[in-house]
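Data first, discussion second: the structure below is written as structure tokens.
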There are 2 protein chains.
Amino acid sequence: MSVPVLILVTRPLDDESEGSTDARPAPFSQADPALPHLSVLDLGATRGDGVFETVMVAEGAAPAIDAHLDRFAASAKLLDLPEPNREVWRAAFDAAVAAHPPVELLAVKLVLTRGIEGQDAPTGWILAQPGRDFSRERVEGVRVVTLDRGYRHDVAATSPWLLQGAKTLSYAVNTAAIREAKRRGAHDVIFTSSDGFVLEAPTASVLLREGDRFTTPSAELGILPGTTQRRAFALLEELGYETGSVRLRSSELGRADALWLVSSIRRAVPVVELDGVAKAVDRELTARLNEYLGEH
Amino acid sequence: MSVPVLILVTRPLDDESEGSTDARPAPFSQADPALPHLSVLDLGATRGDGVFETVMVAEGAAPAIDAHLDRFAASAKLLDLPEPNREVWRAAFDAAVAAHPPVELLAVKLVLTRGIEGQDAPTGWILAQPGRDFSRERVEGVRVVTLDRGYRHDVAATSPWLLQGAKTLSYAVNTAAIREAKRRGAHDVIFTSSDGFVLEAPTASVLLREGDRFTTPSAELGILPGTTQRRAFALLEELGYETGSVRLRSSELGRADALWLVSSIRRAVPVVELDGVAKAVDRELTARLNEYLGEH
């Protein structure tokens with residue numbers, strides 16, 4: 001097994017006021033991932049109080065890095081965390097990629113926590129390791145169940161403290177939902193709002209095809225704006241298809257001609273079964289999507 | 001500032017099958033809290049995937065330790081974590097208390113995470129440090145706002161994967177709600193369900209008085225069974241008051257003769273203002289409650 005590359009981002013924020021560039025410590029440094037680096041007092045570990053992104057690097061290229069850095073900053077803002085220094089994180093990301101032996105697919109995780117309680121200094125790190133191989137899932141697809149996320153579709157607007165739309169470290173519900181899916185004989189979940197709208201998967205966006213029209217649930221529903229979904233739409237538009245972000249009722253999922261879960265590392269995985277009912281799979285388009293997402 | 005006592009619980013589970021007692025490593029050991037002890041791959045830190053308890057130790061006594069160990073096991077079960085070995089955790093707790101210099105109030109935190117991704121070995125630790133002094137809040141009270149928790153009152157029954165009723169490390173929403181309260185000029189929050197029932201505070205139970213009857217929202221509403229609330233009820237019953245766990249409408253909060261937030265470290269803090277409206281404070285009963293909670 002290969003050894004992950006760990007970069008500790010020791011100066012994760014914008015701190016230009018702190019004096020001359022020369023006097024400052026390096027903004028990041030490589031560290032041994034086999035050693036412990038986090039305090040048990042870190043609010044990331046004790047409160048899930050932080051944000052993250054997982055960036056795909058395929059054959060050394062990271063086509064979506066800017067979109068991920070945008071979303072990383074947006075998540076931090078939703079949590080009232082200070083703004084991550086984009087240049088520092090970009091350079092640390094490049095350093096992590098450069099330090100890892102070449103692999104086909106690298107999964108690079110960026111994490112920013114609120115830091116040690118009472119110290120007012122966020123903790124940041126980047127971990128690069130080979131991405132799991134999902135080539136089988138891309139062809140064979142996944143069985144999916146719909147599960148209630150418990151929130152109305154409009155809570156991001158009415159109740160921003162629920163942090164919907166932020167990619168936070170408080171992910172226990174997402175992992176619990178996937179365990180529930182497995183208990184039901186499925187692989188993954190599509191969350192629905194308590195008032196019946198389609199939302200997202202725990203770690204992926206949902207893509208639907210109806211005829212020549214492709215849609216995804218709107219980010220206004222308190223879900224993550226999908227970086228991979230956006231790239232998928234770019235291809236679909238090139239191919240002449242109509243695309244759109246919409247509010248979808250759960251019932252519309254069943255009516256769709258085809259469904260995919262799309263995310264950085266898995267790319268486009270077709271849904272072959274939804275709540276126990278078989279779904280048709282467009283193998284040709286799926287293959288084309290995955291080829292494109294591996295390169296763009 | 002005093003130095004916290006850290007105990008790493010290296011054998012947090014029941015593992016009697018692992019061979020003779022003599023051959024096994026010690027189930028826990030003291031460690032330096034100033035050093036890092038957690039991997040950046042620990043699912044506690046990357047997914048908020050774990051559970052915790054905070055136990056009050058007053059003058060060396062921990063009257064609620066059994067109730068906390070019960071709830072710790074119940075939370076682990078809700079997360080499909082293996083059952084913590086009660087004897088090990090109890091002994092590690094005692095060791096943490098014994099290792100700390102005597103203080104009036106010690107806050108002892110027990111944490112169990114799902115461990116390092118892929119290793120199937122939970123991480124456990126106990127941290128003991130002096131509890132913050134809330135004697136002023138116990139007299140002067142706190143201003144509270146009600147905030148929507150976003151969930152219906154019945155999601156614990158309909159959607160157990162939402163983990164309501166478990167004390168998890170995915171606490172980012174709780175801290176975000178408290179920041180929202182502060183933006184509104186208040187100190188704390190009482191969560192309400194999306195369908196209008198009173199739930200709990202982010203880190204406390206809610207206690208209401210109406211005449212000679214004291215109530216708290218029922219644990220069936222997907223909230224934590226309060227260990228301090230239970231002790232408060234024991235005193236109130238001794239004093240001849242009626243107590244009960246009930247479903248309360250948000251509107252009933254305003255009608256209550258008096259309101260408290262109760263939790264291990266803060267004990268009983270009177271609510272002096274609810275959503276901008278002053279509440280009466282029963283100073284004598286509050287003092288009596290706090291005296292009792294410090295001892296029982």
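Ligands are numbered from 1 in the order shown, chains are lettered A, B, ... in the order of the structure tokens, and residues start at 1 in each chain.
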
Give as a JSON list (two decimals) with all heavy atoms, in the first residue's frame every residue of chain A that touches chain B within 6 Å, counting only C-alpha atoms.
[["chain", "number", "residue", "atom", "x", "y", "z"],
["A", 36, "PRO", "N", 0.82, 10.96, 14.79],
["A", 36, "PRO", "CA", -0.34, 11.81, 15.12],
["A", 36, "PRO", "C", 0.02, 13.29, 15.00],
["A", 36, "PRO", "O", 1.14, 13.69, 15.34],
["A", 36, "PRO", "CB", -0.64, 11.43, 16.57],
["A", 36, "PRO", "CG", 0.63, 10.89, 17.11],
["A", 36, "PRO", "CD", 1.40, 10.31, 15.97],
["A", 37, "HIS", "N", -0.89, 14.08, 14.48],
["A", 37, "HIS", "CA", -0.63, 15.52, 14.33],
["A", 37, "HIS", "C", -1.72, 16.39, 14.93],
["A", 37, "HIS", "O", -1.61, 17.61, 14.91],
["A", 37, "HIS", "CB", -0.45, 15.86, 12.85],
["A", 37, "HIS", "CG", 0.79, 15.28, 12.26],
["A", 37, "HIS", "ND1", 2.04, 15.80, 12.50],
["A", 37, "HIS", "CD2", 0.98, 14.20, 11.47],
["A", 37, "HIS", "CE1", 2.95, 15.07, 11.87],
["A", 37, "HIS", "NE2", 2.34, 14.08, 11.24],
["A", 38, "LEU", "N", -2.80, 15.75, 15.39],
["A", 38, "LEU", "CA", -3.92, 16.54, 15.91],
["A", 38, "LEU", "C", -4.02, 16.41, 17.42],
["A", 38, "LEU", "O", -3.88, 15.32, 17.97],
["A", 38, "LEU", "CB", -5.24, 16.06, 15.30],
["A", 38, "LEU", "CG", -5.43, 16.26, 13.81],
["A", 38, "LEU", "CD1", -6.78, 15.68, 13.40],
["A", 38, "LEU", "CD2", -5.37, 17.75, 13.48],
["A", 39, "SER", "N", -4.35, 17.53, 18.05],
["A", 39, "SER", "CA", -4.60, 17.54, 19.48],
["A", 39, "SER", "C", -6.00, 16.99, 19.76],
["A", 39, "SER", "O", -6.93, 17.20, 18.97],
["A", 39, "SER", "CB", -4.51, 18.97, 20.00],
["A", 39, "SER", "OG", -5.07, 19.06, 21.29],
["A", 44, "GLY", "N", -12.03, 20.35, 15.47],
["A", 44, "GLY", "CA", -12.36, 19.45, 14.37],
["A", 44, "GLY", "C", -12.68, 18.05, 14.88],
["A", 44, "GLY", "O", -13.63, 17.40, 14.43],
["A", 45, "ALA", "N", -11.92, 17.62, 15.88],
["A", 45, "ALA", "CA", -12.10, 16.27, 16.42],
["A", 45, "ALA", "C", -13.18, 16.20, 17.50],
["A", 45, "ALA", "O", -13.82, 15.17, 17.66],
["A", 45, "ALA", "CB", -10.78, 15.76, 17.00],
["A", 46, "THR", "N", -13.40, 17.28, 18.24],
["A", 46, "THR", "CA", -14.35, 17.20, 19.36],
["A", 46, "THR", "C", -15.74, 17.73, 19.01],
["A", 46, "THR", "O", -16.70, 17.44, 19.71],
["A", 46, "THR", "CB", -13.83, 18.00, 20.58],
["A", 46, "THR", "OG1", -13.62, 19.36, 20.19],
["A", 46, "THR", "CG2", -12.53, 17.41, 21.09],
["A", 47, "ARG", "N", -15.83, 18.52, 17.91],
["A", 47, "ARG", "CA", -17.12, 19.11, 17.55],
["A", 47, "ARG", "C", -17.43, 18.96, 16.06],
["A", 47, "ARG", "O", -18.43, 19.52, 15.61],
["A", 47, "ARG", "CB", -17.11, 20.62, 17.87],
["A", 47, "ARG", "CG", -16.98, 20.95, 19.37],
["A", 47, "ARG", "CD", -18.33, 20.96, 20.02],
["A", 47, "ARG", "NE", -18.31, 21.43, 21.38],
["A", 47, "ARG", "CZ", -18.84, 20.74, 22.41],
["A", 47, "ARG", "NH1", -19.37, 19.55, 22.23],
["A", 47, "ARG", "NH2", -18.83, 21.25, 23.62],
["A", 48, "GLY", "N", -16.58, 18.27, 15.30],
["A", 48, "GLY", "CA", -16.79, 18.22, 13.85],
["A", 48, "GLY", "C", -16.87, 19.63, 13.29],
["A", 48, "GLY", "O", -17.59, 19.89, 12.32],
["A", 49, "ASP", "N", -16.11, 20.54, 13.90],
["A", 49, "ASP", "CA", -16.25, 21.97, 13.59],
["A", 49, "ASP", "C", -15.16, 22.39, 12.61],
["A", 49, "ASP", "O", -14.09, 22.85, 13.00],
["A", 49, "ASP", "CB", -16.16, 22.78, 14.90],
["A", 49, "ASP", "CG", -16.79, 24.15, 14.76],
["A", 49, "ASP", "OD1", -17.28, 24.48, 13.67],
["A", 49, "ASP", "OD2", -16.80, 24.89, 15.76],
["A", 150, "GLY", "N", -34.62, 14.90, 6.63],
["A", 150, "GLY", "CA", -35.25, 15.46, 7.83],
["A", 150, "GLY", "C", -35.55, 16.95, 7.74],
["A", 150, "GLY", "O", -36.39, 17.46, 8.49],
["A", 151, "TYR", "N", -34.88, 17.65, 6.83],
["A", 151, "TYR", "CA", -35.08, 19.10, 6.71],
["A", 151, "TYR", "C", -36.02, 19.44, 5.56],
["A", 151, "TYR", "O", -36.05, 18.75, 4.55],
["A", 151, "TYR", "CB", -33.73, 19.78, 6.42],
["A", 151, "TYR", "CG", -32.71, 19.70, 7.52],
["A", 151, "TYR", "CD1", -31.40, 19.33, 7.23],
["A", 151, "TYR", "CD2", -33.03, 20.03, 8.83],
["A", 151, "TYR", "CE1", -30.43, 19.27, 8.23],
["A", 151, "TYR", "CE2", -32.06, 19.97, 9.83],
["A", 151, "TYR", "CZ", -30.76, 19.60, 9.53],
["A", 151, "TYR", "OH", -29.81, 19.55, 10.50],
["A", 161, "TRP", "N", -28.15, 28.46, 10.47],
["A", 161, "TRP", "CA", -27.32, 27.78, 11.48],
["A", 161, "TRP", "C", -27.35, 26.26, 11.32],
["A", 161, "TRP", "O", -26.56, 25.58, 11.96],
["A", 161, "TRP", "CB", -27.79, 28.17, 12.90],
["A", 161, "TRP", "CG", -29.26, 27.97, 13.10],
["A", 161, "TRP", "CD1", -29.88, 26.82, 13.51],
["A", 161, "TRP", "CD2", -30.28, 28.93, 12.86],
["A", 161, "TRP", "NE1", -31.24, 27.02, 13.54],
["A", 161, "TRP", "CE2", -31.52, 28.30, 13.15],
["A", 161, "TRP", "CE3", -30.28, 30.26, 12.43],
["A", 161, "TRP", "CZ2", -32.73, 28.96, 13.01],
["A", 161, "TRP", "CZ3", -31.50, 30.93, 12.30],
["A", 161, "TRP", "CH2", -32.71, 30.27, 12.60],
["A", 162, "LEU", "N", -28.22, 25.74, 10.46],
["A", 162, "LEU", "CA", -28.20, 24.30, 10.21],
["A", 162, "LEU", "C", -27.10, 23.92, 9.22],
["A", 162, "LEU", "O", -26.86, 22.73, 8.98],
["A", 162, "LEU", "CB", -29.58, 23.83, 9.72],
["A", 162, "LEU", "CG", -30.73, 24.07, 10.71],
["A", 162, "LEU", "CD1", -32.06, 23.65, 10.11],
["A", 162, "LEU", "CD2", -30.48, 23.34, 12.03],
["A", 169, "LEU", "N", -17.16, 19.01, 8.61],
["A", 169, "LEU", "CA", -16.62, 17.77, 9.19],
["A", 169, "LEU", "C", -17.68, 17.02, 10.00],
["A", 169, "LEU", "O", -17.43, 15.90, 10.44],
["A", 169, "LEU", "CB", -15.41, 18.08, 10.06],
["A", 169, "LEU", "CG", -14.24, 18.76, 9.34],
["A", 169, "LEU", "CD1", -13.13, 19.11, 10.33],
["A", 169, "LEU", "CD2", -13.68, 17.87, 8.23],
["A", 170, "SER", "N", -18.83, 17.64, 10.23],
["A", 170, "SER", "CA", -19.92, 16.98, 10.97],
["A", 170, "SER", "C", -20.70, 16.10, 10.01],
["A", 170, "SER", "O", -21.79, 16.44, 9.55],
["A", 170, "SER", "CB", -20.83, 18.03, 11.62],
["A", 170, "SER", "OG", -20.21, 18.57, 12.76],
["A", 171, "TYR", "N", -20.12, 14.96, 9.69],
["A", 171, "TYR", "CA", -20.61, 14.11, 8.62],
["A", 171, "TYR", "C", -21.21, 12.80, 9.13],
["A", 171, "TYR", "O", -21.45, 11.88, 8.36],
["A", 171, "TYR", "CB", -19.45, 13.79, 7.67],
["A", 171, "TYR", "CG", -19.62, 14.31, 6.26],
["A", 171, "TYR", "CD1", -19.97, 15.64, 6.04],
["A", 171, "TYR", "CD2", -19.45, 13.49, 5.16],
["A", 171, "TYR", "CE1", -20.12, 16.12, 4.75],
["A", 171, "TYR", "CE2", -19.60, 13.97, 3.87],
["A", 171, "TYR", "CZ", -19.93, 15.27, 3.67],
["A", 171, "TYR", "OH", -20.08, 15.76, 2.39],
["A", 172, "ALA", "N", -21.43, 12.71, 10.45],
["A", 172, "ALA", "CA", -21.87, 11.42, 11.01],
["A", 172, "ALA", "C", -23.20, 10.97, 10.40],
["A", 172, "ALA", "O", -23.41, 9.78, 10.18],
["A", 172, "ALA", "CB", -21.99, 11.52, 12.53],
["A", 173, "VAL", "N", -24.09, 11.92, 10.10],
["A", 173, "VAL", "CA", -25.38, 11.54, 9.51],
["A", 173, "VAL", "C", -25.18, 10.96, 8.11],
["A", 173, "VAL", "O", -25.84, 10.00, 7.72],
["A", 173, "VAL", "CB", -26.33, 12.76, 9.48],
["A", 173, "VAL", "CG1", -27.51, 12.51, 8.55],
["A", 173, "VAL", "CG2", -26.83, 13.08, 10.89],
["A", 176, "ALA", "N", -24.01, 7.46, 8.56],
["A", 176, "ALA", "CA", -25.12, 6.64, 9.09],
["A", 176, "ALA", "C", -26.12, 6.32, 7.99],
["A", 176, "ALA", "O", -26.67, 5.21, 7.94],
["A", 176, "ALA", "CB", -25.81, 7.36, 10.25],
["A", 177, "ALA", "N", -26.37, 7.27, 7.11],
["A", 177, "ALA", "CA", -27.32, 7.03, 6.02],
["A", 177, "ALA", "C", -26.80, 5.95, 5.07],
["A", 177, "ALA", "O", -27.56, 5.10, 4.61],
["A", 177, "ALA", "CB", -27.59, 8.33, 5.26]]

Shell around range 244-258 of chain A at 10 Å using only C-alpha atoms, local window under 4 positions removed, as JSON, numbers by chain: {"A": [146, 153, 190, 191, 192, 193, 195, 196, 197, 198, 199, 206, 207, 208, 209, 210, 211, 212, 213, 214, 215, 216, 217, 218, 219, 220, 221, 233, 270, 271, 272, 273, 274, 275, 277, 278, 279, 280, 281, 282, 286]}

DSSP-assigned strand (DSSP E or B) members of range 185-270 of chain A, reported as an NGL selection string: :A and (188-192 or 197-198 or 201 or 204-210 or 213-217 or 242-246 or 249 or 258-263 or 267-270)

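Between CA of Glu137 in chain A and CA of Asp120 in chain B lies a distance of 23.8 Å.
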
Members of range 178-255 of chain B assigned alpha helix (DSSP H) by DSSP, as number ranges by chain: B: 178-183, 227-238, 250-255

Would you export the selected residues with N, CA, C and O atoms as a CSV table (one decimal), in the first residue's frame, please?
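Below is the file that was written, selection.csv:
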chain,number,residue,atom,x,y,z
B,178,ILE,N,-25.3,28.5,18.6
B,178,ILE,CA,-24.9,29.4,19.7
B,178,ILE,C,-24.3,30.7,19.1
B,178,ILE,O,-24.6,31.8,19.6
B,179,ARG,N,-23.6,30.6,18.0
B,179,ARG,CA,-23.1,31.9,17.4
B,179,ARG,C,-24.3,32.7,16.9
B,179,ARG,O,-24.3,33.9,17.0
B,180,GLU,N,-25.3,32.1,16.4
B,180,GLU,CA,-26.5,32.8,15.9
B,180,GLU,C,-27.2,33.5,17.1
B,180,GLU,O,-27.6,34.6,17.0
B,181,ALA,N,-27.3,32.8,18.3
B,181,ALA,CA,-27.8,33.4,19.5
B,181,ALA,C,-27.1,34.6,19.8
B,181,ALA,O,-27.6,35.7,20.2
B,182,LYS,N,-25.7,34.6,19.8
B,182,LYS,CA,-24.9,35.7,20.2
B,182,LYS,C,-25.1,36.9,19.2
B,182,LYS,O,-25.2,38.0,19.6
B,183,ARG,N,-25.3,36.6,17.9
B,183,ARG,CA,-25.6,37.6,17.0
B,183,ARG,C,-26.9,38.3,17.3
B,183,ARG,O,-27.1,39.5,17.0
B,227,THR,N,-28.9,13.9,31.9
B,227,THR,CA,-28.4,13.3,33.1
B,227,THR,C,-28.6,14.3,34.3
B,227,THR,O,-28.9,13.9,35.4
B,228,THR,N,-28.4,15.5,34.0
B,228,THR,CA,-28.6,16.5,35.1
B,228,THR,C,-30.0,16.8,35.3
B,228,THR,O,-30.5,17.0,36.5
B,229,GLN,N,-30.8,16.8,34.3
B,229,GLN,CA,-32.3,17.0,34.4
B,229,GLN,C,-32.8,15.9,35.3
B,229,GLN,O,-33.7,16.1,36.1
B,230,ARG,N,-32.3,14.7,35.1
B,230,ARG,CA,-32.8,13.6,35.9
B,230,ARG,C,-32.5,13.8,37.4
B,230,ARG,O,-33.4,13.5,38.3
B,231,ARG,N,-31.3,14.3,37.7
B,231,ARG,CA,-31.0,14.6,39.1
B,231,ARG,C,-31.8,15.7,39.6
B,231,ARG,O,-32.2,15.7,40.8
B,232,ALA,N,-32.1,16.7,38.8
B,232,ALA,CA,-32.9,17.8,39.2
B,232,ALA,C,-34.3,17.4,39.6
B,232,ALA,O,-34.9,17.8,40.6
B,233,PHE,N,-34.8,16.5,38.8
B,233,PHE,CA,-36.2,15.9,39.1
B,233,PHE,C,-36.2,15.2,40.4
B,233,PHE,O,-37.1,15.2,41.2
B,234,ALA,N,-35.1,14.5,40.7
B,234,ALA,CA,-35.0,13.7,42.0
B,234,ALA,C,-35.1,14.7,43.1
B,234,ALA,O,-35.9,14.4,44.1
B,235,LEU,N,-34.5,15.8,43.1
B,235,LEU,CA,-34.6,16.8,44.2
B,235,LEU,C,-36.1,17.4,44.2
B,235,LEU,O,-36.7,17.4,45.2
B,236,LEU,N,-36.6,17.7,43.0
B,236,LEU,CA,-37.9,18.3,43.0
B,236,LEU,C,-39.0,17.4,43.5
B,236,LEU,O,-39.9,17.8,44.2
B,237,GLU,N,-38.8,16.1,43.2
B,237,GLU,CA,-39.7,15.1,43.8
B,237,GLU,C,-39.6,15.0,45.3
B,237,GLU,O,-40.6,15.0,46.0
B,238,GLU,N,-38.3,15.0,45.8
B,238,GLU,CA,-38.1,15.1,47.2
B,238,GLU,C,-38.8,16.2,47.9
B,238,GLU,O,-39.3,16.2,49.0
B,250,SER,N,-44.0,25.2,21.5
B,250,SER,CA,-43.2,26.4,21.7
B,250,SER,C,-43.9,27.4,22.5
B,250,SER,O,-43.3,28.1,23.3
B,251,SER,N,-45.2,27.6,22.2
B,251,SER,CA,-46.0,28.6,22.9
B,251,SER,C,-46.0,28.4,24.4
B,251,SER,O,-46.1,29.4,25.2
B,252,GLU,N,-45.9,27.2,24.8
B,252,GLU,CA,-45.9,26.9,26.3
B,252,GLU,C,-44.7,27.4,27.0
B,252,GLU,O,-44.7,27.5,28.2
B,253,LEU,N,-43.6,27.6,26.2
B,253,LEU,CA,-42.4,28.1,26.9
B,253,LEU,C,-42.7,29.5,27.4
B,253,LEU,O,-42.2,29.8,28.6
B,254,GLY,N,-43.3,30.3,26.7
B,254,GLY,CA,-43.6,31.7,27.1
B,254,GLY,C,-44.6,31.7,28.3
B,254,GLY,O,-44.5,32.6,29.2
B,255,ARG,N,-45.4,30.7,28.4
B,255,ARG,CA,-46.4,30.6,29.5
B,255,ARG,C,-45.8,30.1,30.8
B,255,ARG,O,-46.4,30.3,31.9

Distance of CA of Gly294 in chain A from CA of Ala201 in chain A, expressed in Å to one decimal place: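 Atom-to-atom, CA of Ala201 in chain A and CA of Gly294 in chain A are spaced 20.4 Å apart.
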
Which residues come within 12 Å of Ser264 in chain B, counting only C-alpha atoms, excluding same-chain residues fewer than 4 positions away, as a CSV table (one decimal) with N, CA, C and O atoms, in the first residue's frame?
chain,number,residue,atom,x,y,z
B,53,GLU,N,-19.2,12.2,26.0
B,53,GLU,CA,-19.9,12.6,27.2
B,53,GLU,C,-19.1,13.6,28.0
B,53,GLU,O,-17.8,13.4,27.9
B,54,THR,N,-19.7,14.5,28.7
B,54,THR,CA,-18.9,15.3,29.6
B,54,THR,C,-19.5,15.1,31.0
B,54,THR,O,-20.7,15.4,31.3
B,55,VAL,N,-18.6,14.7,31.9
B,55,VAL,CA,-19.0,14.3,33.3
B,55,VAL,C,-18.5,15.3,34.3
B,55,VAL,O,-17.3,15.7,34.2
B,56,MET,N,-19.4,15.8,35.1
B,56,MET,CA,-18.9,16.7,36.2
B,56,MET,C,-18.4,15.9,37.4
B,56,MET,O,-19.0,15.0,37.8
B,57,VAL,N,-17.3,16.4,37.9
B,57,VAL,CA,-16.7,15.8,39.1
B,57,VAL,C,-16.6,17.0,40.1
B,57,VAL,O,-15.8,17.9,39.9
B,58,ALA,N,-17.4,16.9,41.2
B,58,ALA,CA,-17.4,18.0,42.1
B,58,ALA,C,-16.8,17.5,43.4
B,58,ALA,O,-17.3,16.6,44.0
B,62,ALA,N,-18.4,12.0,41.5
B,62,ALA,CA,-19.1,12.0,40.2
B,62,ALA,C,-20.4,11.3,40.3
B,62,ALA,O,-20.6,10.2,39.9
B,63,PRO,N,-21.4,12.1,40.8
B,63,PRO,CA,-22.7,11.4,41.1
B,63,PRO,C,-23.4,10.8,39.9
B,63,PRO,O,-24.2,9.9,40.0
B,64,ALA,N,-23.1,11.4,38.7
B,64,ALA,CA,-23.9,11.0,37.5
B,64,ALA,C,-23.1,10.1,36.6
B,64,ALA,O,-23.5,9.8,35.5
B,65,ILE,N,-21.9,9.5,37.1
B,65,ILE,CA,-21.1,8.8,36.2
B,65,ILE,C,-21.8,7.6,35.5
B,65,ILE,O,-21.7,7.3,34.3
B,67,ALA,N,-25.0,7.2,34.8
B,67,ALA,CA,-25.9,7.7,33.8
B,67,ALA,C,-25.2,8.1,32.6
B,67,ALA,O,-25.6,7.9,31.4
B,68,HIS,N,-24.0,8.7,32.7
B,68,HIS,CA,-23.2,9.1,31.6
B,68,HIS,C,-22.7,7.9,30.8
B,68,HIS,O,-22.7,7.9,29.6
B,105,LEU,N,-14.2,21.8,40.8
B,105,LEU,CA,-15.1,21.2,39.7
B,105,LEU,C,-14.2,20.8,38.6
B,105,LEU,O,-13.5,21.6,38.0
B,106,LEU,N,-14.3,19.5,38.3
B,106,LEU,CA,-13.5,19.0,37.2
B,106,LEU,C,-14.5,18.5,36.1
B,106,LEU,O,-15.5,17.9,36.3
B,107,ALA,N,-14.2,18.9,34.8
B,107,ALA,CA,-15.0,18.5,33.7
B,107,ALA,C,-14.3,17.4,33.0
B,107,ALA,O,-13.1,17.6,32.5
B,108,VAL,N,-14.9,16.2,32.9
B,108,VAL,CA,-14.2,15.0,32.3
B,108,VAL,C,-14.9,14.6,31.1
B,108,VAL,O,-16.1,14.2,31.1
B,109,LYS,N,-14.2,14.7,30.0
B,109,LYS,CA,-14.8,14.4,28.7
B,109,LYS,C,-14.4,13.0,28.2
B,109,LYS,O,-13.2,12.7,28.2
B,131,GLY,N,-13.6,22.6,35.3
B,131,GLY,CA,-14.8,23.1,34.6
B,131,GLY,C,-14.8,24.6,34.7
B,131,GLY,O,-14.4,25.2,35.7
B,132,ARG,N,-15.3,25.2,33.7
B,132,ARG,CA,-15.5,26.7,33.7
B,132,ARG,C,-16.4,27.0,34.9
B,132,ARG,O,-17.3,26.3,35.2
B,134,PHE,N,-19.4,28.7,36.3
B,134,PHE,CA,-20.7,29.3,35.9
B,134,PHE,C,-21.5,29.8,37.0
B,134,PHE,O,-22.7,30.0,36.9
B,203,THR,N,-26.4,22.3,24.4
B,203,THR,CA,-25.6,21.5,25.3
B,203,THR,C,-26.3,21.5,26.7
B,203,THR,O,-25.6,21.4,27.7
B,204,ALA,N,-27.6,21.5,26.7
B,204,ALA,CA,-28.3,21.4,28.0
B,204,ALA,C,-29.7,21.0,27.7
B,204,ALA,O,-30.2,21.0,26.6
B,205,SER,N,-30.4,20.5,28.8
B,205,SER,CA,-31.8,20.2,28.8
B,205,SER,C,-32.6,21.4,29.2
B,205,SER,O,-32.1,22.3,29.9
B,226,GLY,N,-31.5,13.8,29.6
B,226,GLY,CA,-30.6,14.6,30.3
B,226,GLY,C,-30.2,14.0,31.7
B,226,GLY,O,-31.0,13.7,32.5
B,227,THR,N,-28.9,13.9,31.9
B,227,THR,CA,-28.4,13.3,33.1
B,227,THR,C,-28.6,14.3,34.3
B,227,THR,O,-28.9,13.9,35.4
B,228,THR,N,-28.4,15.5,34.0
B,228,THR,CA,-28.6,16.5,35.1
B,228,THR,C,-30.0,16.8,35.3
B,228,THR,O,-30.5,17.0,36.5
B,229,GLN,N,-30.8,16.8,34.3
B,229,GLN,CA,-32.3,17.0,34.4
B,229,GLN,C,-32.8,15.9,35.3
B,229,GLN,O,-33.7,16.1,36.1
B,230,ARG,N,-32.3,14.7,35.1
B,230,ARG,CA,-32.8,13.6,35.9
B,230,ARG,C,-32.5,13.8,37.4
B,230,ARG,O,-33.4,13.5,38.3
B,231,ARG,N,-31.3,14.3,37.7
B,231,ARG,CA,-31.0,14.6,39.1
B,231,ARG,C,-31.8,15.7,39.6
B,231,ARG,O,-32.2,15.7,40.8
B,232,ALA,N,-32.1,16.7,38.8
B,232,ALA,CA,-32.9,17.8,39.2
B,232,ALA,C,-34.3,17.4,39.6
B,232,ALA,O,-34.9,17.8,40.6
B,268,ALA,N,-28.0,24.3,37.0
B,268,ALA,CA,-29.2,24.9,36.6
B,268,ALA,C,-29.1,26.4,36.4
B,268,ALA,O,-28.8,27.1,37.4
B,269,VAL,N,-29.2,26.8,35.2
B,269,VAL,CA,-29.1,28.3,34.9
B,269,VAL,C,-30.4,28.8,34.5
B,269,VAL,O,-31.1,28.3,33.6
B,290,ASN,N,-29.1,24.2,42.4
B,290,ASN,CA,-27.6,24.2,42.2
B,290,ASN,C,-26.8,23.6,43.3
B,290,ASN,O,-25.8,22.9,43.1
B,293,LEU,N,-27.4,19.9,42.9
B,293,LEU,CA,-26.7,19.4,41.7
B,293,LEU,C,-25.2,19.3,41.9
B,293,LEU,O,-24.5,18.5,41.2
B,294,GLY,N,-24.7,20.2,42.7
B,294,GLY,CA,-23.2,20.2,43.0
B,294,GLY,C,-22.8,19.0,43.9
B,294,GLY,O,-21.7,18.6,44.0
B,295,GLU,N,-23.8,18.4,44.5
B,295,GLU,CA,-23.5,17.3,45.5
B,295,GLU,C,-24.1,16.0,45.1
B,295,GLU,O,-23.6,14.9,45.6
B,296,HIS,N,-25.1,15.9,44.2
B,296,HIS,CA,-25.7,14.6,43.9
B,296,HIS,C,-25.6,14.3,42.4
B,296,HIS,O,-25.8,15.0,41.6

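Between CA of Pro225 in chain A and CA of Arg90 in chain A the interatomic distance comes to 20.2 Å.
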
Nearest to Lys167 in chain B, chosen from B:Tyr241, B:Phe72, B:Trp89, B:Trp260, with only C-alpha atoms counted in the distances: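 Among the listed residues, the smallest separation from Lys167 in chain B belongs to B:Phe72.
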